[in-house]
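The file final00.txt comes next; it holds compact mmCIF, C-alpha atoms.
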# COMPACT_ATOMS: atom_id res chain seq x y z
CA MET B 1 57.04 -50.57 193.26
CA THR B 2 53.81 -48.62 192.68
CA THR B 3 54.22 -45.12 191.30
CA CYS B 4 52.92 -42.33 193.52
CA ASP B 5 50.50 -40.33 191.35
CA LEU B 6 50.22 -36.92 192.96
CA THR B 7 47.32 -34.53 192.44
CA PHE B 8 47.31 -30.79 193.18
CA ASP B 9 44.50 -28.33 193.87
CA CYS B 10 44.59 -24.75 195.13
CA THR B 11 41.76 -24.17 197.61
CA GLY B 12 42.36 -20.47 198.33
CA VAL B 13 44.81 -17.59 198.60
CA GLN B 14 45.30 -14.86 201.17
CA GLY B 15 47.91 -12.33 202.23
CA ASP B 16 50.44 -13.25 204.90
CA ARG B 17 49.91 -10.70 207.68
CA TYR B 18 53.14 -11.65 209.46
CA ALA B 19 55.61 -11.71 206.55
CA ALA B 20 58.48 -9.23 206.41
CA GLY B 21 57.39 -8.11 202.92
CA PRO B 22 54.30 -8.49 200.71
CA THR B 23 53.57 -12.22 200.49
CA LEU B 24 50.66 -14.31 199.24
CA LEU B 25 49.81 -17.67 200.80
CA PHE B 26 48.38 -20.23 198.35
CA ARG B 27 46.59 -23.09 200.10
CA LEU B 28 47.45 -26.37 198.34
CA ARG B 29 45.69 -29.70 198.70
CA ILE B 30 48.04 -32.50 197.63
CA GLY B 31 46.81 -36.06 197.11
CA SER B 32 48.90 -39.21 196.77
CA GLY B 33 46.19 -41.69 195.77
CA GLY B 34 46.56 -43.43 199.10
CA ALA B 35 50.32 -43.93 198.81
CA ARG B 36 52.68 -43.08 201.64
CA VAL B 37 54.86 -40.01 201.03
CA HIS B 38 57.90 -39.62 203.27
CA ALA B 39 58.65 -36.10 201.97
CA LEU B 40 58.04 -33.98 198.90
CA ALA B 41 60.57 -31.47 197.53
CA LEU B 42 58.25 -29.35 195.44
CA ARG B 43 58.87 -26.58 192.93
CA CYS B 44 56.00 -24.43 191.76
CA GLN B 45 56.00 -22.07 188.81
CA LEU B 46 53.17 -19.52 188.66
CA ARG B 47 52.11 -17.90 185.40
CA ILE B 48 49.50 -15.26 184.68
CA GLU B 49 47.11 -16.24 181.88
CA PRO B 50 45.77 -12.84 180.75
CA ALA B 51 43.63 -14.27 177.95
CA ARG B 52 41.36 -15.97 180.49
CA ARG B 53 39.57 -12.79 181.61
CA SER B 54 38.00 -9.68 180.09
CA TYR B 55 39.15 -6.07 180.60
CA ASP B 56 37.35 -2.74 180.67
CA ASP B 57 38.64 0.29 178.77
CA THR B 58 40.58 1.67 181.76
CA GLU B 59 42.38 -1.65 182.31
CA ALA B 60 43.07 -2.01 178.58
CA GLU B 61 44.72 1.40 178.51
CA ARG B 62 46.91 0.57 181.51
CA LEU B 63 47.93 -2.76 179.94
CA GLY B 64 48.98 -1.14 176.68
CA ASP B 65 52.70 -1.23 177.50
CA LEU B 66 52.48 -4.98 178.19
CA PHE B 67 50.24 -6.19 175.37
CA GLY B 68 49.87 -3.30 172.94
CA GLU B 69 46.59 -2.01 171.51
CA ARG B 70 43.46 -4.08 172.16
CA SER B 71 43.25 -4.82 168.41
CA ARG B 72 46.49 -6.85 168.76
CA TRP B 73 45.43 -8.89 171.75
CA GLY B 74 44.55 -11.91 169.65
CA THR B 75 48.27 -12.59 169.32
CA SER B 76 49.90 -10.48 172.04
CA LEU B 77 47.95 -11.59 175.15
CA ASN B 78 50.60 -14.15 176.10
CA PRO B 79 51.27 -15.71 179.54
CA VAL B 80 53.34 -13.66 181.98
CA GLN B 81 55.80 -15.21 184.42
CA PHE B 82 54.77 -14.44 188.01
CA ALA B 83 56.99 -16.46 190.36
CA GLN B 84 58.92 -19.67 190.89
CA VAL B 85 59.13 -20.92 194.46
CA PRO B 86 60.27 -24.08 196.28
CA LEU B 87 58.41 -25.82 199.10
CA MET B 88 59.39 -28.76 201.32
CA VAL B 89 56.24 -30.74 202.14
CA PRO B 90 56.33 -33.01 205.25
CA GLY B 91 55.39 -36.67 204.99
CA PHE B 92 51.75 -37.74 204.63
CA THR B 93 49.57 -40.61 203.52
CA GLY B 94 46.56 -40.07 201.26
CA SER B 95 46.38 -36.27 201.22
CA THR B 96 47.61 -33.15 202.98
CA GLU B 97 47.14 -29.38 202.89
CA VAL B 98 50.03 -26.93 202.98
CA GLU B 99 50.57 -23.21 202.41
CA LEU B 100 52.82 -22.07 199.60
CA PRO B 101 54.28 -18.60 200.38
CA VAL B 102 54.85 -16.45 197.28
CA PRO B 103 56.61 -13.08 197.76
CA VAL B 104 55.23 -10.30 195.55
CA SER B 105 57.20 -7.31 194.33
CA TYR B 106 56.18 -3.65 194.33
CA ASP B 107 58.58 -2.95 191.41
CA LEU B 108 56.48 -1.71 188.48
CA ASP B 109 59.32 -2.56 186.08
CA ILE B 110 58.32 -6.22 186.61
CA ALA B 111 55.64 -7.33 184.16
CA ALA B 112 53.60 -9.30 186.72
CA THR B 113 53.46 -6.32 189.09
CA ARG B 114 52.35 -4.00 186.26
CA TYR B 115 49.66 -6.50 185.32
CA PHE B 116 48.21 -6.77 188.84
CA ALA B 117 48.41 -3.01 189.39
CA SER B 118 46.49 -2.39 186.13
CA LEU B 119 43.43 -4.37 187.24
CA THR B 120 40.63 -2.46 188.95
CA ASP B 121 38.67 -5.45 190.29
CA GLY B 122 37.85 -9.11 189.77
CA ASP B 123 40.37 -11.93 189.62
CA ALA B 124 43.74 -12.53 188.00
CA PRO B 125 43.83 -15.95 186.27
CA LEU B 126 46.90 -17.99 187.26
CA LEU B 127 48.33 -21.34 186.25
CA MET B 128 50.39 -23.26 188.81
CA LEU B 129 52.84 -25.79 187.33
CA PHE B 130 54.53 -28.33 189.59
CA SER B 131 57.77 -30.29 189.47
CA GLY B 132 60.19 -31.71 192.01
CA THR B 133 60.98 -34.97 193.78
CA VAL B 134 58.77 -37.25 195.86
CA PHE B 135 60.22 -39.67 198.42
CA THR B 136 57.75 -42.51 198.80
CA GLY B 137 57.30 -46.21 199.61
CA ALA B 138 55.10 -48.22 201.98
CA ASP B 139 57.69 -50.81 203.00
CA GLY B 140 60.83 -49.18 201.69
CA PHE B 141 62.14 -46.01 200.16
CA ALA B 142 61.85 -44.85 196.56
CA VAL B 143 62.60 -41.59 194.80
CA GLN B 144 60.36 -40.41 191.96
CA PRO B 145 60.09 -37.18 189.97
CA VAL B 146 56.95 -35.07 190.04
CA PRO B 147 55.79 -35.19 186.40
CA TRP B 148 56.02 -31.91 184.50
CA HIS B 149 52.38 -32.09 183.37
CA LYS B 150 51.09 -31.64 186.94
CA GLU B 151 49.29 -28.28 187.16
CA THR B 152 46.22 -26.53 188.49
CA ARG B 153 44.48 -23.24 187.79
CA VAL B 154 43.55 -20.64 190.38
CA ARG B 155 41.97 -17.20 190.32
CA LEU B 156 43.76 -14.63 192.50
CA PRO B 157 41.38 -11.91 193.71
CA VAL B 158 42.84 -8.50 192.85
CA ARG B 159 41.61 -7.35 196.27
CA VAL B 160 43.91 -9.88 197.99
CA TRP B 161 46.96 -8.67 196.04
CA ARG B 162 46.18 -5.02 196.84
CA GLU B 163 45.66 -5.76 200.54
CA ALA B 164 49.04 -7.54 200.69
CA MET B 165 50.73 -4.51 199.12
CA GLU B 166 48.86 -1.97 201.26
CA GLN B 167 49.81 -3.78 204.45
CA HIS B 168 53.49 -3.01 203.86
CA PHE B 169 53.32 0.10 201.65
CA PRO B 170 50.04 1.88 202.48
CA GLY B 171 49.11 4.44 199.86
CA CYS B 172 52.55 4.29 198.24
CA GLY B 173 54.19 3.28 194.99
CA TRP B 174 57.80 2.57 194.10
CA LEU B 175 60.08 3.92 191.40
CA ARG B 176 63.46 2.46 190.46
CA LEU B 177 66.04 4.92 189.13
CA PRO B 178 69.70 4.65 188.03
CA ARG B 179 72.25 5.55 190.68
CA ASP B 180 73.44 8.70 188.89
CA THR B 181 69.86 9.96 188.65
CA MET B 182 69.36 9.28 192.36
CA ASP B 183 72.54 11.21 193.12
CA GLU B 184 71.23 14.20 191.16
CA LEU B 185 67.87 14.03 192.93
CA LEU B 186 69.60 13.86 196.31
CA ALA B 187 71.71 16.89 195.42
CA TYR B 188 68.58 18.78 194.31
CA ARG B 189 66.80 17.86 197.54
CA SER B 190 69.77 19.03 199.63
CA ARG B 191 70.17 22.32 197.74
CA HIS B 192 66.52 23.23 198.26
CA GLY B 193 66.22 21.88 201.81
CA LEU B 194 63.27 19.65 200.91
CA PRO B 195 62.03 17.43 203.78
CA SER B 196 61.11 14.29 201.79
CA TRP B 197 61.29 12.55 198.42
CA GLU B 198 57.62 13.35 197.87
CA ALA B 199 58.35 17.06 198.36
CA THR B 200 61.30 16.75 195.97
CA VAL B 201 59.22 15.20 193.19
CA ARG B 202 56.40 17.68 193.72
CA ALA B 203 58.85 20.57 193.47
CA LEU B 204 60.21 19.22 190.20
CA LEU B 205 56.70 18.74 188.81
CA ALA B 206 55.78 22.28 189.82
CA ALA B 207 58.91 23.58 188.12
CA ALA B 208 57.97 21.60 185.01
CA GLY B 209 54.68 23.48 184.79
CA SER B 210 52.08 21.33 186.57
CA PRO B 211 49.36 23.94 187.33
CA ALA B 212 47.92 22.18 190.37
CA LEU B 213 51.33 21.59 191.96
CA ALA B 214 52.56 25.08 191.12
CA GLU B 215 49.57 26.53 192.97
CA GLU B 216 50.14 24.18 195.90
CA ALA B 217 53.86 25.07 196.07
CA ALA B 218 52.98 28.79 196.11
CA ARG B 219 50.80 28.41 199.21

Would you give me this structure, written as C-alpha cells?
Amino acid sequence: MTTCDLTFDCTGVQGDRYAAGPTLLFRLRIGSGGARVHALALRCQLRIEPARRSYDDTEAERLGDLFGERSRWGTSLNPVQFAQVPLMVPGFTGSTEVELPVPVSYDLDIAATRYFASLTDGDAPLLMLFSGTVFTGADGFAVQPVPWHKETRVRLPVRVWREAMEQHFPGCGWLRLPRDTMDELLAYRSRHGLPSWEATVRALLAAAGSPALAEEAAR
C-alpha cells in the first residue's frame, strides 16, 4: 500500500476572539500528495527559535534573565519550548486547511511568556514539529505514523500575541506568589481596609520609599 506523505505549512496566525482564555489560532495547510486520508490524529510541538531574529538594546535587557548578557548569546540563545497541542483533523483527499488552537499563558514565570512579553515589535520565530497517526487508504484502511521530521517554520507577529492577551487581560499583568505570602498580603489588605490588590501593592511600594507613590498616597 502506498505511503501517505504528508506536508505541512502554516499560512497565518490570529487571536481567537471567542476563546475563554488567550488563544492563538494557527492556520495549517496539510497536503497528502493526492492520497485519501480518513482521519489524522495530529500532535504539534511549538518551539521559539530566538537566534532567528535580532534584538534592540531594550529587548536584550529584558531577555537577560532568559539568555544572559548579549556577549553570551552565541551559546545561550537556545530554543524555548512554547506549547504542545493535539488536533484531530477530519478526512480529506489531496489537501485541507484547519485551525490549530494554541492557548497562551499570562504567567511570566513561564519562559515562553517572558520571551514574548520582552519583544517590543516585529515577529517571534517559531518552529512547528509534527507527529501523530494518519488513517489512510483508497480501497481499504491503513494506519501510518506521521514522521518525526515533519516540520514548518512560522513567524508570529508580536502584535497578534499582545492583542490576544489584551482581549482577556486589558492593561494588566499577573504575578504568582506562594500561598503563605498571599495570606500575608490578604491580612495586610484587610487591616488597612484597602479596596483592591492594586491599592495594596501601591501602599506597600509607598511604604518602601517609592517617591512617586508616596506622594500619590498622601493626596

With 8 Å of padding per side, what axis-aligned box (centre and edge lengths, Å, one decimal) covers all the listed atoms of region 10-26 of chain B? Give it as AutoDock Vina command-line options.
--center_x 50.1 --center_y -16.4 --center_z 202.3 --size_x 32.7 --size_y 32.6 --size_z 30.3

| remark: Shortest contact to Gly64 (chain B), candidates B:Leu28, B:Cys4, B:Leu77, B:Leu40, atoms counted all atoms listed in the file, goes to B:Leu77

| task | Grab the CA of Ile30 (chain B) to CA of Arg159 (chain B) distance for me, in Å with one decimal place. | result | 26.0 Å

| said: Neighbouring residues of Pro103 (chain B) were defined as those with any atom within 12 Å, considering only C-alpha atoms; residues of the same chain fewer than 2 positions away were excluded. Please report them as a VMD selection string. | reply: chain B and resid 14 to 16 19 to 26 46 82 to 86 100 to 101 105 to 106 113 161 164 to 165

| message | Please list, as a PyMOL selection string, the residues that have an atom at most 7 Å away from (55.7, -35.4, 203.4) in the coordinates of this file, counting all atoms listed in the file. | response | chain B and resi 37-40+89-92

| task | Give the answer as one residue: which of B:Pro178, B:Pro79, B:Val158, B:Gly140 has the shortest atom-to-atom distance to Ala124 (chain B), using all atoms listed in the file? | result |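 Comparing B:Pro178, B:Pro79, B:Val158, B:Gly140 against Ala124 (chain B), the winner is B:Val158.
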
| message | Between B:Asp121, B:Asp107, B:Asp65, B:Glu198, which residue has the minimum interatomic distance to Pro157 (chain B), considering only C-alpha atoms? | response | B:Asp121

| field | Thr152 (chain B) environment, 7 Å, only C-alpha atoms, sequence neighbours closer than 3 positions dropped, as a list in words | value | Phe8, Asp9, Leu127, Met128 and Leu129 of chain B

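For the pair CA of Gln45 (chain B) and CA of Met88 (chain B), the interatomic distance is 14.6 Å.
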
| One-decimal distance in Å that lies between CA of Leu63 (chain B) and CA of Ser118 (chain B) |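 Answer for the CA of Ser118 (chain B) to CA of Leu63 (chain B) separation: 6.4 Å.
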
| message | Which residue is closest to Tyr18 (chain B)? Choose from B:Arg162, B:Arg47, B:Lys150, B:His168 and count only C-alpha atoms. | response |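 Answer, going by the shortest atom-to-atom distance: B:His168.
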
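Of the listed residues (B:Gly68, B:Gly173, B:Pro195, B:Pro125), B:Gly173 comes nearest to Asp109 (chain B); the distances count only C-alpha atoms.
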
| request: Pick out the closest residue to Ser131 (chain B) from this set: B:Val146, B:Ala187, B:Ala111, B:Val13. Count only C-alpha atoms. | output: B:Val146

| task | Fewer than 3 positions away in the same chain doesn't count, so skip those; otherwise give me all residues within 6 Å of Thr200 (chain B), counting all atoms listed in the file, as a ChimeraX atom specification. | result | /B:189,197,203
